[in-house]
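Undergrad: Here it is: the structure, laid out below.
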Amino acid sequence: MSTLQSPESSPVAANRSGVRTTGSSTSDVLRVAIIGNPNTGKTTLFNALTGLRQRVGNFAGVTVERVEGSFRASDGRRVSVLDLPGSYSLSAGSPDEKIALDVLLGQSRDRWRPDVVLVVIDAANLERNLFLTSQVIELGLPVVVALNQIDVAEEHGINIDIPELIHELGVPVVPTVAKRGQGIDPLTNALFIAASLPFPERKFLLPPAAAVALAPVSALLVQHGLVRCAADMEALRLLALDKAEAHLNGAPGLSAAITRAVDELKAAGFAPNRFESEVRYAWIAGVAQRTVSRTSDKVQGQISHRIDAVVLHRVWGPIIFALLMAIVFESVFAWAKPFADGIQAALDWLGTYVGKHLPAGDLNSLVVDGVFGGVGSVLVFLPQIAILFAFIGVLEQSGYMARAAFLMDRVMRRVGLHGKSFIPMLSGYACAVPGIMATRTIEDPKDRLATIMVVPLMSCSARLPVYTLLIGAFVPAIHVWGVVGLQGLTMLVMYVLGTVAALAAAAVFKRTLLKGPVRPMILELPPYRRPSLNSLAVSVTQRCRLFLQRAGTVILALSIVLWALATYPKSTSNPSLSDAAQQEEQLGHSALGRIGHGIEPLVRPLGYDWKIGVSIAASFAAREVFVSTMSTIYGAGKADDNVEALGNRLREEHDPQTGKRVYTPLIAVGLMVFYVFALMCMSTMAVTVREAGGGRIGWQWAGLQFAYMLALAYGAAFAVYRGGLALGLGG
Amino acid sequence: MATVLDIGCAPDEACRLRALGVCEGSSVRVIDDRHCMVLDVRGTRLALGNALTSGITVQPESARI
C-alpha cells in the first residue's frame, strides 16, 4: 500500500465491530469491485453484467487500465462495477496487484471505494483461486464469490458442495457460467444481500507462537487506521516481502516491528518468508477436501495437454505460430481494405454531396477538405482496429496468446522486452494505432511503454503509397541474380530496416529511460477454451469506440489546423494559370508553403528542395499525404489514380538554373529511408498520448517518440544521401 | 513428479510463485525444459524462466527432474 490513512478517513475503520450499522453506501448506487485470478472469466463476467455500459480509462497516475461499468438490477437499483486487474494475490508484486490492493483498502488515488467485493473463482481450479480469496476475505469488506465456469468443472467430474463452501468461506457463493450469462441474477441479488451482512473474517487460526509474534505489527497497523482483520492480513503479507518498509511508506515503527516479528518467528521455528503461503495453503487444502469431490478420473486439461504437445512442439510450434501470425497480418493488411475503401468512398460521396449544397468558398473547403478529409483519415483505420482486436480477443480467450508469448519470449528477451510485446509489434506492420492499443496485454508498465515507443518504427500500410511512388519512379524493374526483382527487394529492405530499428530502439529504451530489472518469465498457460462471441463483440466495440472518441477528437482538430495552414493566407488568383498551377501557387503562398520554404535550409543537406519540404510538412498529419501533396504540386491529378504519371514527372524534373535532375535515385532512397523512421501520423501520436498515461505524461512520451523518430529519420536520410554522394552515386 | 523443497528466488518473485501454487511442499510435474520450464502444479500449467527455476530446489517423487 502506498499510504496509511487516519482512522477518521478509513472506510474500514469506521466499522471496527465487523458489523455494518449504516446503509450499504452513502449513495443509492452499490459499488462493486471485481477481482480474480487471470483466466477465470472475470472480464467475461464483467461484460455479462454491464454489457456496453463501460467507461475505459487509466488508474490515476499509472498506465494500468481501469474499466468501470454499470447496470440496473431487476428491481431498478443501480450497481456500479469496477473491473480490477487480474491478480493471483494481494502481495503487490506487480503494479496491477498494487492497484487492486489500494482500491480494496480504499486508498486508490481516485478515491473509489467498493461497498462489496466480487471475487471470481475458476471452479475447475479451486485451490489456487482460494489463495487470493482468503486474502480478500480478510480485508474487512463484504465479499461475494462467483464460482465461475462451473460447467467446465462438472464436465471434468469435479463436484463442489456449494453450501459447504459457503460455510467454509463465510460469504455468499454463487455458481455462474459467465460465457452463457448463467447465474447473473442470483449473483446480483447476492451482492445486495452481502452488503448488509456482517463482514467476513479470517477463517483459520495461526499457531499460538506466530500469533504472539505478529500481534505488535497488527496493533501498529490498527493504530494507523486499518480495521483489525485487514491489519492481521497485512501483517502476514508483509513478512514475505522484500523491503517491506517500502510498502509501508514510512509509517513510524512498522519496519522495526516487522523485523522483530521475523526474528521471533524464526526463533519459534517458522520460515517467515513462506509463512503466509504455508498457513493459507494448509487451510485451503482442508477446504478443498471438505468441499470438492471427484466423480471421474478424467485428468483435467487432457485435451489442452494434447494441443500443447503440438502447439509448443520444437518444430511444429514455431511453424503454427508463424502461420497464425501470417493470417493475422494478412487479415489486418488485406481484409480490412474493402471496408476501408467502402468507408472512404462513402465519405467522399458525402463530402461531394455536402460540397455541392454549400456555397463555394472557404466554408465549403473547410467542410469538404478539412472535416471530411480529416474524419476520413480516422475512420479508414476502423476496420483494421476491429479486425485486429477480434483476432486478439480470439487468441486471448482461446488461451493461445499465452503460448505465443511463451514461444516469442526468448527472442524478445534479447532486446529487453517480453514475449507479449511481439503481437503489438507485428500489428505495427499493418498500422501502429491498433498495435499501440494492443500493448495493453503487457503487464509491466516499462515493457509496455518501451513497446509503445517502438511500434511506429514497424513499416505500416500508410508508408506503402510513399514506397510505391518512389520505388516505381526510381528503382529500375530489373532482376538481381536472375530471380529477385530489385523493386520488391528494395521494398523488403525498407521493412527490414524498420524492424531492426524497432528492436534496437527497444533495447536502448530498456537500458536507459525505461531501465528496470528484466523480470523472469512467469506465465500461466491456461486451458484452451472456446471464445465467447458475446464478450468478443463487447471488447471489439469497446476498442472501436475508444479509438473514435479519443483519437477522433484530436485528429479532427489537427486536420482543421492543417487545412487552415494550407489555405491561408490566400494568393491572388491569376486567371492565366491553369487550375493545377494555381493550386501550386496557392500552396506556395500559404502558411504551409512558407513553412516549406522556411525549412528548406534544413532539408537541403538531405538533397531536398522546398517542394519536398512542403510535402513532408503537410504529411505530418498522415504520411500518405506526401503523395497527394506532391501530386498537387506537380499537377499530376489525384495521386491514387495516377501514381505512374507522378513518377514520370518526378524523374523528368530538372533544375531550371543548373539543368540537373532534381530527383535522383539516391534522393529517392534517402526519402524512403526518411519515411521508414519518421513518425508522420497524428493518429499514432494521439493514441500514444492516451496509452502512455494521458495528460502531461502522455504528451511527453508522444513528444519524445516524435522527436527521436524524426532525429533518426533525419540522421539516416542524411547518411544515405551524403554517403551516396561520397561513393559517387549522386547521378 | 517432484516435491518443491525450497524456493530460493528473490522475495517478490517467490511471492508470485507461491500465489500461483508453487510453494514449499507442492507437487510439480515437469512437462518441458528447453529454454525455460513448463510445469504442471495444482492443476495449472506454468511456464517459468530459467532465472526462476534455477532457484527452486525439488525432490523427485517418481521420476528424476
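Following the order of the C-alpha cells, first chain is A, next is B, and so on, with residues numbered from 1 inside each chain and ligands from 1 in the order they appear.
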With only C-alpha atoms counted and 12 Å as the cut-off, give the residues of segment 459-561 of chain A in contact with segment 310-331 of chain A, each with its shortest interatomic distance in Å and the pair that gives it, as CSV.

TA:
```
residue,atom,partner,partner_atom,distance
A:Cys460,CA,A:Phe329,CA,11.0
A:Ser461,CA,A:Phe329,CA,11.0
A:Leu525,CA,A:Leu312,CA,10.9
A:Tyr528,CA,A:Val311,CA,11.3
```

Undergrad: Just want the 10 Å neighbourhood of Pro38 of chain A, counted on only C-alpha atoms, with same-chain residues fewer than 4 positions away dropped. Output as a ChimeraX atom specification.

TA: /A:42-43,85-88,120-122,129,524,526

Undergrad: Give me the residues within 10 Å of segment 33-48 of chain B as a ChimeraX atom specification, counting only C-alpha atoms and dropping any in the same chain fewer than 2 places off.

TA: /A:124-128,299-301,304-305,314,402-403,406-407,409-410,520-527 /B:1,17,20-23,26-31,50-54,65

Undergrad: Can you pull out the residues contacting segment 267-280 of chain A? Cut-off 9 Å, using only C-alpha atoms, and skip same-chain residues under 6 positions away; I want them as JSON, numbers by chain.

TA: {"A": [130, 131, 134, 135, 204, 205, 206, 209, 210, 236, 237, 238, 239, 240, 241, 261], "B": [7, 11, 14, 15, 18, 19, 21, 23, 24, 25]}

Undergrad: Given the selection you just returned, output its residues as a file containing C-alpha atoms, formatted as a short mmCIF file (atom, residue, chain, number, x, y, z; two decimals), in the first residue's frame.

TA:
```cif
data_model
loop_
_atom_site.label_atom_id
_atom_site.label_comp_id
_atom_site.auth_asym_id
_atom_site.auth_seq_id
_atom_site.Cartn_x
_atom_site.Cartn_y
_atom_site.Cartn_z
CA LEU A 130 -8.76 -19.68 -2.93
CA PHE A 131 -5.37 -18.12 -2.12
CA SER A 134 -8.66 -15.91 1.51
CA GLN A 135 -6.73 -12.63 1.39
CA PHE A 204 -8.14 -20.11 10.22
CA LEU A 205 -6.05 -19.67 13.35
CA LEU A 206 -2.32 -19.05 13.39
CA ALA A 209 3.64 -18.55 18.88
CA ALA A 210 3.17 -16.93 15.48
CA LEU A 236 1.04 -11.70 7.47
CA ARG A 237 1.54 -10.40 3.94
CA LEU A 238 4.41 -8.03 4.77
CA LEU A 239 6.51 -10.88 6.21
CA ALA A 240 7.27 -12.28 2.78
CA LEU A 241 8.07 -9.04 1.00
CA ALA A 261 8.26 -10.35 14.31
CA ILE B 7 12.14 -21.52 -3.30
CA PRO B 11 11.40 -12.47 -2.25
CA ALA B 14 8.96 -16.11 -4.61
CA CYS B 15 5.76 -14.38 -3.50
CA ARG B 18 3.63 -19.09 -4.08
CA ALA B 19 0.45 -17.25 -5.08
CA GLY B 21 0.60 -22.50 -6.24
CA CYS B 23 5.22 -23.31 -2.78
CA GLU B 24 7.23 -25.48 -0.46
CA GLY B 25 5.59 -28.89 -0.28
#
```

Undergrad: Would you return as an MDAnalysis selection string the members of chain B that DSSP assigns to strand (DSSP E) on this structure's backbone?

TA: chainID B and resid 2:7 27:33 36:41 44:49 56:60

Undergrad: Can you write out the residues you just picked, keeping N, CA and C atoms, as a JSON list (two decimals), in the first residue's frame?

TA:
```json
[["chain", "number", "residue", "atom", "x", "y", "z"],
["B", 2, "ALA", "N", 7.64, -34.28, -8.68],
["B", 2, "ALA", "CA", 8.64, -33.87, -7.70],
["B", 2, "ALA", "C", 7.99, -32.96, -6.67],
["B", 3, "THR", "N", 8.58, -32.91, -5.50],
["B", 3, "THR", "CA", 8.05, -32.04, -4.45],
["B", 3, "THR", "C", 8.98, -30.84, -4.28],
["B", 4, "VAL", "N", 8.40, -29.66, -4.20],
["B", 4, "VAL", "CA", 9.22, -28.46, -4.02],
["B", 4, "VAL", "C", 9.72, -28.41, -2.58],
["B", 5, "LEU", "N", 11.05, -28.31, -2.43],
["B", 5, "LEU", "CA", 11.63, -28.24, -1.08],
["B", 5, "LEU", "C", 11.88, -26.80, -0.66],
["B", 6, "ASP", "N", 12.39, -26.02, -1.61],
["B", 6, "ASP", "CA", 12.75, -24.65, -1.24],
["B", 6, "ASP", "C", 12.65, -23.73, -2.46],
["B", 7, "ILE", "N", 12.16, -22.52, -2.23],
["B", 7, "ILE", "CA", 12.14, -21.52, -3.30],
["B", 7, "ILE", "C", 13.14, -20.44, -2.94],
["B", 27, "SER", "N", 3.42, -30.44, -5.17],
["B", 27, "SER", "CA", 3.91, -31.39, -6.18],
["B", 27, "SER", "C", 3.92, -30.73, -7.54],
["B", 28, "VAL", "N", 5.03, -30.91, -8.27],
["B", 28, "VAL", "CA", 5.10, -30.35, -9.62],
["B", 28, "VAL", "C", 5.47, -31.45, -10.60],
["B", 29, "ARG", "N", 5.04, -31.28, -11.84],
["B", 29, "ARG", "CA", 5.41, -32.22, -12.88],
["B", 29, "ARG", "C", 6.04, -31.40, -14.01],
["B", 30, "VAL", "N", 7.24, -31.78, -14.44],
["B", 30, "VAL", "CA", 7.92, -31.03, -15.49],
["B", 30, "VAL", "C", 7.47, -31.56, -16.85],
["B", 31, "ILE", "N", 6.93, -30.67, -17.68],
["B", 31, "ILE", "CA", 6.43, -31.07, -19.00],
["B", 31, "ILE", "C", 7.51, -30.84, -20.05],
["B", 32, "ASP", "N", 8.23, -29.77, -19.89],
["B", 32, "ASP", "CA", 9.16, -29.35, -20.93],
["B", 32, "ASP", "C", 10.27, -28.55, -20.26],
["B", 33, "ASP", "N", 11.52, -28.75, -20.67],
["B", 33, "ASP", "CA", 12.57, -27.94, -20.07],
["B", 33, "ASP", "C", 13.59, -27.50, -21.09],
["B", 36, "CYS", "N", 13.11, -22.72, -21.09],
["B", 36, "CYS", "CA", 12.50, -22.44, -19.80],
["B", 36, "CYS", "C", 11.71, -23.68, -19.42],
["B", 37, "MET", "N", 11.09, -23.65, -18.25],
["B", 37, "MET", "CA", 10.45, -24.86, -17.81],
["B", 37, "MET", "C", 8.93, -24.74, -17.86],
["B", 38, "VAL", "N", 8.28, -25.78, -18.35],
["B", 38, "VAL", "CA", 6.82, -25.82, -18.31],
["B", 38, "VAL", "C", 6.44, -26.85, -17.25],
["B", 39, "LEU", "N", 5.67, -26.39, -16.26],
["B", 39, "LEU", "CA", 5.33, -27.24, -15.13],
["B", 39, "LEU", "C", 3.83, -27.40, -15.00],
["B", 40, "ASP", "N", 3.41, -28.54, -14.46],
["B", 40, "ASP", "CA", 2.03, -28.68, -14.00],
["B", 40, "ASP", "C", 2.06, -28.63, -12.50],
["B", 41, "VAL", "N", 1.29, -27.70, -11.93],
["B", 41, "VAL", "CA", 1.23, -27.62, -10.47],
["B", 41, "VAL", "C", -0.19, -27.27, -10.05],
["B", 44, "THR", "N", -2.63, -26.44, -12.70],
["B", 44, "THR", "CA", -2.35, -25.30, -13.56],
["B", 44, "THR", "C", -1.05, -25.57, -14.31],
["B", 45, "ARG", "N", -0.99, -25.08, -15.55],
["B", 45, "ARG", "CA", 0.26, -25.22, -16.31],
["B", 45, "ARG", "C", 0.98, -23.88, -16.31],
["B", 46, "LEU", "N", 2.23, -23.90, -15.88],
["B", 46, "LEU", "CA", 3.01, -22.66, -15.80],
["B", 46, "LEU", "C", 4.29, -22.77, -16.63],
["B", 47, "ALA", "N", 4.67, -21.64, -17.24],
["B", 47, "ALA", "CA", 5.97, -21.57, -17.90],
["B", 47, "ALA", "C", 6.84, -20.64, -17.06],
["B", 48, "LEU", "N", 7.98, -21.14, -16.61],
["B", 48, "LEU", "CA", 8.86, -20.34, -15.75],
["B", 48, "LEU", "C", 10.23, -20.18, -16.40],
["B", 49, "GLY", "N", 10.76, -18.97, -16.33],
["B", 49, "GLY", "CA", 12.08, -18.70, -16.89],
["B", 49, "GLY", "C", 13.18, -19.39, -16.10],
["B", 56, "ILE", "N", 14.86, -22.94, -7.56],
["B", 56, "ILE", "CA", 13.89, -23.81, -6.89],
["B", 56, "ILE", "C", 14.50, -25.20, -6.68],
["B", 57, "THR", "N", 14.49, -25.66, -5.45],
["B", 57, "THR", "CA", 15.01, -27.00, -5.16],
["B", 57, "THR", "C", 13.84, -27.98, -5.03],
["B", 58, "VAL", "N", 13.93, -29.10, -5.73],
["B", 58, "VAL", "CA", 12.86, -30.09, -5.64],
["B", 58, "VAL", "C", 13.42, -31.46, -5.30],
["B", 59, "GLN", "N", 12.55, -32.30, -4.79],
["B", 59, "GLN", "CA", 12.95, -33.69, -4.54],
["B", 59, "GLN", "C", 12.09, -34.58, -5.44],
["B", 60, "PRO", "N", 12.71, -35.40, -6.28],
["B", 60, "PRO", "CA", 11.93, -36.26, -7.18],
["B", 60, "PRO", "C", 11.06, -37.24, -6.39]]
```

Undergrad: In Å to one decimal, how far is atom CA of Arg511 of chain A from atom CA of Leu497 of chain A?

TA: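 Computing the Euclidean distance for atom CA of Leu497 of chain A and atom CA of Arg511 of chain A yields 21.2 Å.
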
Undergrad: For Leu712 of chain A, which residue among A:Val540, A:Ala235, A:Met685, A:Ala502 is the nearest when counting only C-alpha atoms?

TA: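 So, comparing all the options, the nearest one is A:Ala502.
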
Undergrad: With distances taken over only C-alpha atoms, which residue among A:Leu395, A:Leu191, A:Ala288, A:Val217 lies nearest Ala256 of chain A?

TA: A:Val217

Undergrad: What lies within 12 Å of Ala390 of chain A using only C-alpha atoms, ignoring chain neighbours under 5 positions off, as a list in words?

TA: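 Counting only C-alpha atoms, the residues come to Val328, Ser331, Val332, Pro383, Gln384, Ile385, Leu395, Glu396, Gln397, Ser398, Pro434, Ala438, Pro531, Ser532, Leu533, Asn534, Ser535, Leu536, Ala537, Val538, Ser539, Val540, Thr541, Gln542, Arg543 and Cys544 of chain A.
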
Undergrad: Output as an mmCIF file with N, CA and C atoms, in the first residue's frame all residues of chain B that backbone DSSP marks as alpha helix (DSSP H).

TA:
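What landed in states-v8.cif:
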```cif
data_model
loop_
_atom_site.group_PDB
_atom_site.id
_atom_site.type_symbol
_atom_site.label_atom_id
_atom_site.label_comp_id
_atom_site.auth_asym_id
_atom_site.auth_seq_id
_atom_site.Cartn_x
_atom_site.Cartn_y
_atom_site.Cartn_z
ATOM 1 N N PRO B 11 12.653 -12.379 -3.015
ATOM 2 C CA PRO B 11 11.404 -12.468 -2.249
ATOM 3 C C PRO B 11 10.145 -12.149 -3.061
ATOM 4 N N ASP B 12 10.197 -11.090 -3.892
ATOM 5 C CA ASP B 12 8.992 -10.727 -4.622
ATOM 6 C C ASP B 12 8.597 -11.794 -5.635
ATOM 7 N N GLU B 13 9.629 -12.369 -6.301
ATOM 8 C CA GLU B 13 9.333 -13.431 -7.273
ATOM 9 C C GLU B 13 8.806 -14.659 -6.542
ATOM 10 N N ALA B 14 9.410 -14.962 -5.391
ATOM 11 C CA ALA B 14 8.965 -16.115 -4.614
ATOM 12 C C ALA B 14 7.508 -15.937 -4.195
ATOM 13 N N CYS B 15 7.151 -14.696 -3.859
ATOM 14 C CA CYS B 15 5.764 -14.379 -3.503
ATOM 15 C C CYS B 15 4.823 -14.704 -4.646
ATOM 16 N N ARG B 16 5.224 -14.284 -5.844
ATOM 17 C CA ARG B 16 4.381 -14.533 -7.017
ATOM 18 C C ARG B 16 4.229 -16.028 -7.257
ATOM 19 N N LEU B 17 5.358 -16.742 -7.136
ATOM 20 C CA LEU B 17 5.318 -18.191 -7.362
ATOM 21 C C LEU B 17 4.379 -18.868 -6.370
ATOM 22 N N ARG B 18 4.462 -18.465 -5.112
ATOM 23 C CA ARG B 18 3.628 -19.094 -4.083
ATOM 24 C C ARG B 18 2.154 -18.817 -4.348
ATOM 25 N N ALA B 19 1.846 -17.568 -4.775
ATOM 26 C CA ALA B 19 0.450 -17.246 -5.082
ATOM 27 C C ALA B 19 -0.053 -18.098 -6.240
ATOM 28 N N ASN B 50 14.308 -19.587 -16.754
ATOM 29 C CA ASN B 50 15.442 -20.255 -16.103
ATOM 30 C C ASN B 50 15.907 -19.566 -14.838
ATOM 31 N N ALA B 51 15.846 -18.216 -14.875
ATOM 32 C CA ALA B 51 16.318 -17.455 -13.721
ATOM 33 C C ALA B 51 15.550 -17.857 -12.469
ATOM 34 N N LEU B 52 14.293 -18.273 -12.660
ATOM 35 C CA LEU B 52 13.476 -18.676 -11.523
ATOM 36 C C LEU B 52 13.717 -20.135 -11.151
ATOM 37 N N THR B 53 13.657 -20.990 -12.192
ATOM 38 C CA THR B 53 13.709 -22.426 -11.892
ATOM 39 C C THR B 53 15.047 -22.819 -11.282
#
```
